[in-house]
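Student: I have a structure I would like to understand better, so I am pasting it below and will then ask my questions one at a time.
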Amino acid sequence: MKGWNEFEIGSVLFPFNEDGVQAQGKMREERSYTENSSRSASVAHWRVQKPVHNHDHCINCFFCWVYCPDSSILAKDDQMSGVDYVHCKGCGVCVSVCPTNPKSLLMFDENEVNEEALKQWPQKEEKQK
Ligand code: SF4
Ligand code: SF4
């Protein structure tokens, strides 16, 4: 398998061994993924920072879910439930698009314990007059 820096810039990596439209109609476990899809090849080791989710501020708008390029935002019962750290590559897009004040997702050092990160959460920012 090639490393990320061995692909030509602009390469398109196909995720499925089968027709993509048919694959999307199947359950995840039933699809046949190529060896270079991020389902098969985890990109989690790229991460130097990780997003941490704070349920207390989240309004379940799902912006993070829509914009995450690695489908790493987890949802359960119509609520955002956390981050799939096996596939998240730490790009920070989810944090950028999160609209709450304070944000409900923030980037922390990869080695930070999530419970400790939650204790350091910032307060609501006051609007400038
Ligand atoms: S940091 Fe990037 S890859 Fe990870 S959950 Fe957020 S948007 Fe997805
Ligand atoms: S973008 Fe922020 S507020 Fe919206 S679901 Fe994600 S974490 Fe929650």
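Here's how to read the names in the structure tokens: chain A, B, ... by the order shown, residue numbers from 1 in each chain, ligand numbers from 1 in the order shown.
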Counting only C-alpha atoms and all ligand atoms, give me one row per residue of chain A with an atom at most 7 Å from an atom of ligand 2, showing the shortest contact pair and its distance in Å to one decimal, sorted by chain then residue number, as JSON lines.
Tutor:
```
{"residue": "A:His53", "atom": "CA", "partner": "ligand 2", "partner_atom_place_in_ligand_line": "7 (S)", "distance": 6.2}
{"residue": "A:His57", "atom": "CA", "partner": "ligand 2", "partner_atom_place_in_ligand_line": "3 (S)", "distance": 6.9}
{"residue": "A:Cys58", "atom": "CA", "partner": "ligand 2", "partner_atom_place_in_ligand_line": "8 (Fe)", "distance": 3.9}
{"residue": "A:Ile59", "atom": "CA", "partner": "ligand 2", "partner_atom_place_in_ligand_line": "3 (S)", "distance": 4.5}
{"residue": "A:Asn60", "atom": "CA", "partner": "ligand 2", "partner_atom_place_in_ligand_line": "5 (S)", "distance": 3.7}
{"residue": "A:Cys61", "atom": "CA", "partner": "ligand 2", "partner_atom_place_in_ligand_line": "4 (Fe)", "distance": 3.9}
{"residue": "A:Phe62", "atom": "CA", "partner": "ligand 2", "partner_atom_place_in_ligand_line": "5 (S)", "distance": 3.8}
{"residue": "A:Phe63", "atom": "CA", "partner": "ligand 2", "partner_atom_place_in_ligand_line": "1 (S)", "distance": 4.3}
{"residue": "A:Cys64", "atom": "CA", "partner": "ligand 2", "partner_atom_place_in_ligand_line": "1 (S)", "distance": 4.2}
{"residue": "A:Trp65", "atom": "CA", "partner": "ligand 2", "partner_atom_place_in_ligand_line": "6 (Fe)", "distance": 6.4}
{"residue": "A:Met80", "atom": "CA", "partner": "ligand 2", "partner_atom_place_in_ligand_line": "5 (S)", "distance": 5.5}
{"residue": "A:Cys94", "atom": "CA", "partner": "ligand 2", "partner_atom_place_in_ligand_line": "1 (S)", "distance": 6.4}
{"residue": "A:Val97", "atom": "CA", "partner": "ligand 2", "partner_atom_place_in_ligand_line": "1 (S)", "distance": 5.9}
{"residue": "A:Cys98", "atom": "CA", "partner": "ligand 2", "partner_atom_place_in_ligand_line": "1 (S)", "distance": 3.6}
{"residue": "A:Pro99", "atom": "CA", "partner": "ligand 2", "partner_atom_place_in_ligand_line": "2 (Fe)", "distance": 5.9}
{"residue": "A:Thr100", "atom": "CA", "partner": "ligand 2", "partner_atom_place_in_ligand_line": "3 (S)", "distance": 5.6}
{"residue": "A:Lys103", "atom": "CA", "partner": "ligand 2", "partner_atom_place_in_ligand_line": "2 (Fe)", "distance": 6.4}
{"residue": "A:Ser104", "atom": "CA", "partner": "ligand 2", "partner_atom_place_in_ligand_line": "7 (S)", "distance": 4.6}
{"residue": "A:Leu105", "atom": "CA", "partner": "ligand 2", "partner_atom_place_in_ligand_line": "7 (S)", "distance": 5.1}
```
Student: Within 12 Å of ligand 1, which residues of chain A come that close, and what is the closest atom pair and distance in Å for each? Count only C-alpha atoms and all ligand atoms and give it as JSON lines.
Tutor:
```
{"residue": "A:Ser38", "atom": "CA", "partner": "ligand 1", "partner_atom_place_in_ligand_line": "3 (S)", "distance": 10.6}
{"residue": "A:Ser42", "atom": "CA", "partner": "ligand 1", "partner_atom_place_in_ligand_line": "3 (S)", "distance": 11.1}
{"residue": "A:Val43", "atom": "CA", "partner": "ligand 1", "partner_atom_place_in_ligand_line": "3 (S)", "distance": 8.9}
{"residue": "A:Ala44", "atom": "CA", "partner": "ligand 1", "partner_atom_place_in_ligand_line": "3 (S)", "distance": 8.6}
{"residue": "A:His45", "atom": "CA", "partner": "ligand 1", "partner_atom_place_in_ligand_line": "4 (Fe)", "distance": 11.6}
{"residue": "A:Trp46", "atom": "CA", "partner": "ligand 1", "partner_atom_place_in_ligand_line": "3 (S)", "distance": 10.2}
{"residue": "A:Arg47", "atom": "CA", "partner": "ligand 1", "partner_atom_place_in_ligand_line": "1 (S)", "distance": 8.5}
{"residue": "A:Val48", "atom": "CA", "partner": "ligand 1", "partner_atom_place_in_ligand_line": "1 (S)", "distance": 10.3}
{"residue": "A:Gln49", "atom": "CA", "partner": "ligand 1", "partner_atom_place_in_ligand_line": "1 (S)", "distance": 8.1}
{"residue": "A:Lys50", "atom": "CA", "partner": "ligand 1", "partner_atom_place_in_ligand_line": "1 (S)", "distance": 6.2}
{"residue": "A:Pro51", "atom": "CA", "partner": "ligand 1", "partner_atom_place_in_ligand_line": "1 (S)", "distance": 5.5}
{"residue": "A:Val52", "atom": "CA", "partner": "ligand 1", "partner_atom_place_in_ligand_line": "5 (S)", "distance": 8.9}
{"residue": "A:His53", "atom": "CA", "partner": "ligand 1", "partner_atom_place_in_ligand_line": "5 (S)", "distance": 9.6}
{"residue": "A:Phe62", "atom": "CA", "partner": "ligand 1", "partner_atom_place_in_ligand_line": "7 (S)", "distance": 11.6}
{"residue": "A:Phe63", "atom": "CA", "partner": "ligand 1", "partner_atom_place_in_ligand_line": "7 (S)", "distance": 9.9}
{"residue": "A:Cys64", "atom": "CA", "partner": "ligand 1", "partner_atom_place_in_ligand_line": "7 (S)", "distance": 6.5}
{"residue": "A:Trp65", "atom": "CA", "partner": "ligand 1", "partner_atom_place_in_ligand_line": "8 (Fe)", "distance": 7.7}
{"residue": "A:Val66", "atom": "CA", "partner": "ligand 1", "partner_atom_place_in_ligand_line": "7 (S)", "distance": 9.0}
{"residue": "A:Tyr67", "atom": "CA", "partner": "ligand 1", "partner_atom_place_in_ligand_line": "7 (S)", "distance": 6.4}
{"residue": "A:Cys68", "atom": "CA", "partner": "ligand 1", "partner_atom_place_in_ligand_line": "7 (S)", "distance": 3.7}
{"residue": "A:Pro69", "atom": "CA", "partner": "ligand 1", "partner_atom_place_in_ligand_line": "8 (Fe)", "distance": 5.7}
{"residue": "A:Asp70", "atom": "CA", "partner": "ligand 1", "partner_atom_place_in_ligand_line": "3 (S)", "distance": 5.0}
{"residue": "A:Ser71", "atom": "CA", "partner": "ligand 1", "partner_atom_place_in_ligand_line": "8 (Fe)", "distance": 6.2}
{"residue": "A:Ser72", "atom": "CA", "partner": "ligand 1", "partner_atom_place_in_ligand_line": "5 (S)", "distance": 4.7}
{"residue": "A:Ile73", "atom": "CA", "partner": "ligand 1", "partner_atom_place_in_ligand_line": "5 (S)", "distance": 5.3}
{"residue": "A:Leu74", "atom": "CA", "partner": "ligand 1", "partner_atom_place_in_ligand_line": "5 (S)", "distance": 8.8}
{"residue": "A:Ala75", "atom": "CA", "partner": "ligand 1", "partner_atom_place_in_ligand_line": "5 (S)", "distance": 11.9}
{"residue": "A:Met80", "atom": "CA", "partner": "ligand 1", "partner_atom_place_in_ligand_line": "5 (S)", "distance": 11.4}
{"residue": "A:Ser81", "atom": "CA", "partner": "ligand 1", "partner_atom_place_in_ligand_line": "5 (S)", "distance": 11.7}
{"residue": "A:Gly82", "atom": "CA", "partner": "ligand 1", "partner_atom_place_in_ligand_line": "5 (S)", "distance": 8.7}
{"residue": "A:Val83", "atom": "CA", "partner": "ligand 1", "partner_atom_place_in_ligand_line": "5 (S)", "distance": 5.7}
{"residue": "A:Asp84", "atom": "CA", "partner": "ligand 1", "partner_atom_place_in_ligand_line": "5 (S)", "distance": 7.0}
{"residue": "A:Tyr85", "atom": "CA", "partner": "ligand 1", "partner_atom_place_in_ligand_line": "4 (Fe)", "distance": 7.4}
{"residue": "A:Val86", "atom": "CA", "partner": "ligand 1", "partner_atom_place_in_ligand_line": "4 (Fe)", "distance": 9.5}
{"residue": "A:His87", "atom": "CA", "partner": "ligand 1", "partner_atom_place_in_ligand_line": "3 (S)", "distance": 7.0}
{"residue": "A:Cys88", "atom": "CA", "partner": "ligand 1", "partner_atom_place_in_ligand_line": "4 (Fe)", "distance": 3.7}
{"residue": "A:Lys89", "atom": "CA", "partner": "ligand 1", "partner_atom_place_in_ligand_line": "3 (S)", "distance": 4.5}
{"residue": "A:Gly90", "atom": "CA", "partner": "ligand 1", "partner_atom_place_in_ligand_line": "1 (S)", "distance": 3.7}
{"residue": "A:Cys91", "atom": "CA", "partner": "ligand 1", "partner_atom_place_in_ligand_line": "2 (Fe)", "distance": 3.9}
{"residue": "A:Gly92", "atom": "CA", "partner": "ligand 1", "partner_atom_place_in_ligand_line": "1 (S)", "distance": 4.0}
{"residue": "A:Val93", "atom": "CA", "partner": "ligand 1", "partner_atom_place_in_ligand_line": "7 (S)", "distance": 4.2}
{"residue": "A:Cys94", "atom": "CA", "partner": "ligand 1", "partner_atom_place_in_ligand_line": "7 (S)", "distance": 4.0}
{"residue": "A:Val95", "atom": "CA", "partner": "ligand 1", "partner_atom_place_in_ligand_line": "6 (Fe)", "distance": 6.5}
{"residue": "A:Ser96", "atom": "CA", "partner": "ligand 1", "partner_atom_place_in_ligand_line": "7 (S)", "distance": 8.6}
{"residue": "A:Val97", "atom": "CA", "partner": "ligand 1", "partner_atom_place_in_ligand_line": "7 (S)", "distance": 8.9}
{"residue": "A:Cys98", "atom": "CA", "partner": "ligand 1", "partner_atom_place_in_ligand_line": "6 (Fe)", "distance": 10.1}
{"residue": "A:Ser104", "atom": "CA", "partner": "ligand 1", "partner_atom_place_in_ligand_line": "6 (Fe)", "distance": 11.7}
{"residue": "A:Leu105", "atom": "CA", "partner": "ligand 1", "partner_atom_place_in_ligand_line": "6 (Fe)", "distance": 8.4}
{"residue": "A:Leu106", "atom": "CA", "partner": "ligand 1", "partner_atom_place_in_ligand_line": "1 (S)", "distance": 9.1}
{"residue": "A:Met107", "atom": "CA", "partner": "ligand 1", "partner_atom_place_in_ligand_line": "1 (S)", "distance": 7.7}
{"residue": "A:Phe108", "atom": "CA", "partner": "ligand 1", "partner_atom_place_in_ligand_line": "1 (S)", "distance": 10.4}
{"residue": "A:Asp109", "atom": "CA", "partner": "ligand 1", "partner_atom_place_in_ligand_line": "1 (S)", "distance": 11.9}
{"residue": "A:Glu110", "atom": "CA", "partner": "ligand 1", "partner_atom_place_in_ligand_line": "1 (S)", "distance": 11.1}
```
Student: Which of chain A end up as helix (DSSP H, G or I) when DSSP is run on this backbone - answer as a PyMOL selection string?
Tutor: chain A and resi 4-6+20-24+28-30+44-46+63-67+93-97+114-119
Student: Report the residues of chain A whose backbone DSSP state falls under strand (DSSP E), written as a list in words.
Tutor: Gln49, Lys50, Pro51, Val52, His53, Ile73, Leu74, Ala75, Lys76, Gln79, Met80, Ser81, Gly82, Val83, Leu105, Leu106, Met107, Phe108 and Asp109 of chain A
Student: Given the selection you just returned, output its residues as a file containing all heavy atoms, formatted as a short mmCIF file (atom, residue, chain, number, x, y, z; two decimals), in the first residue's frame.
Tutor:
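Generated output (selection36.cif):
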```cif
data_model
loop_
_atom_site.label_atom_id
_atom_site.label_comp_id
_atom_site.auth_asym_id
_atom_site.auth_seq_id
_atom_site.Cartn_x
_atom_site.Cartn_y
_atom_site.Cartn_z
N GLN A 49 -3.19 16.88 16.77
CA GLN A 49 -4.23 17.41 17.65
C GLN A 49 -5.53 16.66 17.34
O GLN A 49 -5.72 16.16 16.23
CB GLN A 49 -4.45 18.91 17.38
CG GLN A 49 -3.33 19.78 17.89
CD GLN A 49 -3.76 21.23 17.94
OE1 GLN A 49 -4.32 21.75 16.99
NE2 GLN A 49 -3.50 21.88 19.07
N LYS A 50 -6.41 16.62 18.33
CA LYS A 50 -7.68 15.91 18.12
C LYS A 50 -8.84 16.81 18.53
O LYS A 50 -8.71 17.63 19.44
CB LYS A 50 -7.70 14.63 18.96
CG LYS A 50 -7.67 14.91 20.44
CD LYS A 50 -7.75 13.63 21.26
CE LYS A 50 -7.63 13.97 22.75
NZ LYS A 50 -7.65 12.79 23.60
N PRO A 51 -10.00 16.65 17.90
CA PRO A 51 -11.16 17.41 18.33
C PRO A 51 -11.80 16.72 19.52
O PRO A 51 -11.91 15.50 19.57
CB PRO A 51 -12.08 17.37 17.10
CG PRO A 51 -11.72 16.11 16.41
CD PRO A 51 -10.27 15.82 16.71
N VAL A 52 -12.20 17.52 20.50
CA VAL A 52 -12.94 16.99 21.66
C VAL A 52 -14.33 17.61 21.63
O VAL A 52 -14.49 18.81 21.37
CB VAL A 52 -12.21 17.33 22.98
CG1 VAL A 52 -13.04 16.91 24.19
CG2 VAL A 52 -10.83 16.66 23.00
N HIS A 53 -15.33 16.79 21.88
CA HIS A 53 -16.73 17.25 21.82
C HIS A 53 -17.26 17.52 23.22
O HIS A 53 -17.06 16.72 24.13
CB HIS A 53 -17.59 16.17 21.14
CG HIS A 53 -19.03 16.53 21.06
ND1 HIS A 53 -20.03 15.71 21.53
CD2 HIS A 53 -19.65 17.64 20.60
CE1 HIS A 53 -21.20 16.28 21.32
NE2 HIS A 53 -21.01 17.44 20.76
N ILE A 73 -17.52 12.07 12.35
CA ILE A 73 -18.43 12.55 13.39
C ILE A 73 -19.49 11.47 13.61
O ILE A 73 -20.15 11.04 12.66
CB ILE A 73 -19.10 13.88 12.97
CG1 ILE A 73 -18.05 14.98 12.75
CG2 ILE A 73 -20.13 14.31 14.01
CD1 ILE A 73 -17.26 15.39 13.99
N LEU A 74 -19.63 11.05 14.85
CA LEU A 74 -20.55 9.96 15.17
C LEU A 74 -21.88 10.53 15.65
O LEU A 74 -21.92 11.55 16.34
CB LEU A 74 -19.95 9.08 16.27
CG LEU A 74 -18.57 8.49 15.95
CD1 LEU A 74 -18.01 7.77 17.17
CD2 LEU A 74 -18.67 7.54 14.76
N ALA A 75 -22.94 9.86 15.26
CA ALA A 75 -24.28 10.31 15.67
C ALA A 75 -25.08 9.11 16.15
O ALA A 75 -24.91 7.99 15.66
CB ALA A 75 -24.98 10.97 14.49
N LYS A 76 -25.95 9.38 17.12
CA LYS A 76 -26.83 8.33 17.63
C LYS A 76 -28.14 8.97 18.05
O LYS A 76 -28.13 10.01 18.71
CB LYS A 76 -26.16 7.65 18.84
CG LYS A 76 -26.84 6.36 19.23
CD LYS A 76 -26.08 5.65 20.32
CE LYS A 76 -26.83 4.39 20.66
NZ LYS A 76 -26.42 3.82 21.91
N GLN A 79 -28.58 12.67 17.53
CA GLN A 79 -27.71 13.57 18.29
C GLN A 79 -26.26 13.27 17.96
O GLN A 79 -25.89 12.12 17.74
CB GLN A 79 -27.92 13.37 19.78
CG GLN A 79 -29.35 13.67 20.20
CD GLN A 79 -29.42 14.21 21.60
OE1 GLN A 79 -28.68 13.75 22.45
NE2 GLN A 79 -30.29 15.15 21.84
N MET A 80 -25.43 14.32 17.95
CA MET A 80 -24.01 14.12 17.75
C MET A 80 -23.47 13.43 18.98
O MET A 80 -23.73 13.86 20.11
CB MET A 80 -23.34 15.48 17.53
CG MET A 80 -21.96 15.37 16.97
SD MET A 80 -20.82 15.89 18.16
CE MET A 80 -19.25 15.68 17.43
N SER A 81 -22.76 12.31 18.80
CA SER A 81 -22.38 11.53 19.97
C SER A 81 -20.87 11.46 20.19
O SER A 81 -20.43 10.87 21.17
CB SER A 81 -22.95 10.11 19.88
OG SER A 81 -22.45 9.46 18.74
N GLY A 82 -20.07 12.03 19.31
CA GLY A 82 -18.63 12.01 19.54
C GLY A 82 -17.85 11.93 18.24
O GLY A 82 -18.38 12.19 17.17
N VAL A 83 -16.59 11.56 18.37
CA VAL A 83 -15.67 11.54 17.22
C VAL A 83 -15.09 10.14 17.07
O VAL A 83 -14.72 9.50 18.06
CB VAL A 83 -14.52 12.56 17.44
CG1 VAL A 83 -13.52 12.51 16.29
CG2 VAL A 83 -15.08 13.98 17.61
N LEU A 105 -16.91 21.88 19.85
CA LEU A 105 -15.77 21.05 19.49
C LEU A 105 -14.54 21.95 19.55
O LEU A 105 -14.58 23.08 19.01
CB LEU A 105 -15.90 20.54 18.04
CG LEU A 105 -16.81 19.35 17.76
CD1 LEU A 105 -17.13 19.30 16.28
CD2 LEU A 105 -16.14 18.05 18.20
N LEU A 106 -13.49 21.49 20.18
CA LEU A 106 -12.23 22.25 20.21
C LEU A 106 -11.07 21.29 20.01
O LEU A 106 -11.16 20.11 20.38
CB LEU A 106 -12.07 22.97 21.54
CG LEU A 106 -12.91 24.25 21.73
CD1 LEU A 106 -12.74 24.77 23.16
CD2 LEU A 106 -12.53 25.33 20.72
N MET A 107 -9.99 21.79 19.42
CA MET A 107 -8.81 20.96 19.20
C MET A 107 -7.94 20.97 20.46
O MET A 107 -7.72 22.03 21.07
CB MET A 107 -7.98 21.48 18.01
CG MET A 107 -8.72 21.49 16.69
SD MET A 107 -9.37 19.89 16.18
CE MET A 107 -7.90 19.08 15.58
N PHE A 108 -7.46 19.79 20.83
CA PHE A 108 -6.52 19.63 21.95
C PHE A 108 -5.38 18.76 21.49
O PHE A 108 -5.48 18.05 20.48
CB PHE A 108 -7.23 18.99 23.15
CG PHE A 108 -8.15 19.93 23.87
CD1 PHE A 108 -9.46 20.08 23.45
CD2 PHE A 108 -7.70 20.68 24.95
CE1 PHE A 108 -10.31 20.96 24.10
CE2 PHE A 108 -8.54 21.56 25.60
CZ PHE A 108 -9.85 21.71 25.18
N ASP A 109 -4.29 18.81 22.26
CA ASP A 109 -3.16 17.94 21.96
C ASP A 109 -3.63 16.49 21.90
O ASP A 109 -4.50 16.08 22.68
CB ASP A 109 -2.09 18.10 23.06
CG ASP A 109 -0.84 17.33 22.72
OD1 ASP A 109 -0.78 16.11 23.05
OD2 ASP A 109 0.07 17.93 22.13
#
```
Student: From the list A:Glu18, A:Gln123, A:Asp78, A:Asn5, which residue is nearest Asp56 in chain A when using only C-alpha atoms?
Tutor: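 Of the candidates, the smallest distance to Asp56 in chain A is held by A:Gln123.
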Student: What is the distance between CA of Phe7 in chain A and CA of Asp19 in chain A, in Å to one decimal?
Tutor: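 Interatomic distance here is 22.8 Å.
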Student: In Å, rounded to a single decimal, give me how far CA of Asn111 in chain A is from CA of Lys124 in chain A.
Tutor: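 Rounded to one decimal, the two atoms are 25.5 Å apart.
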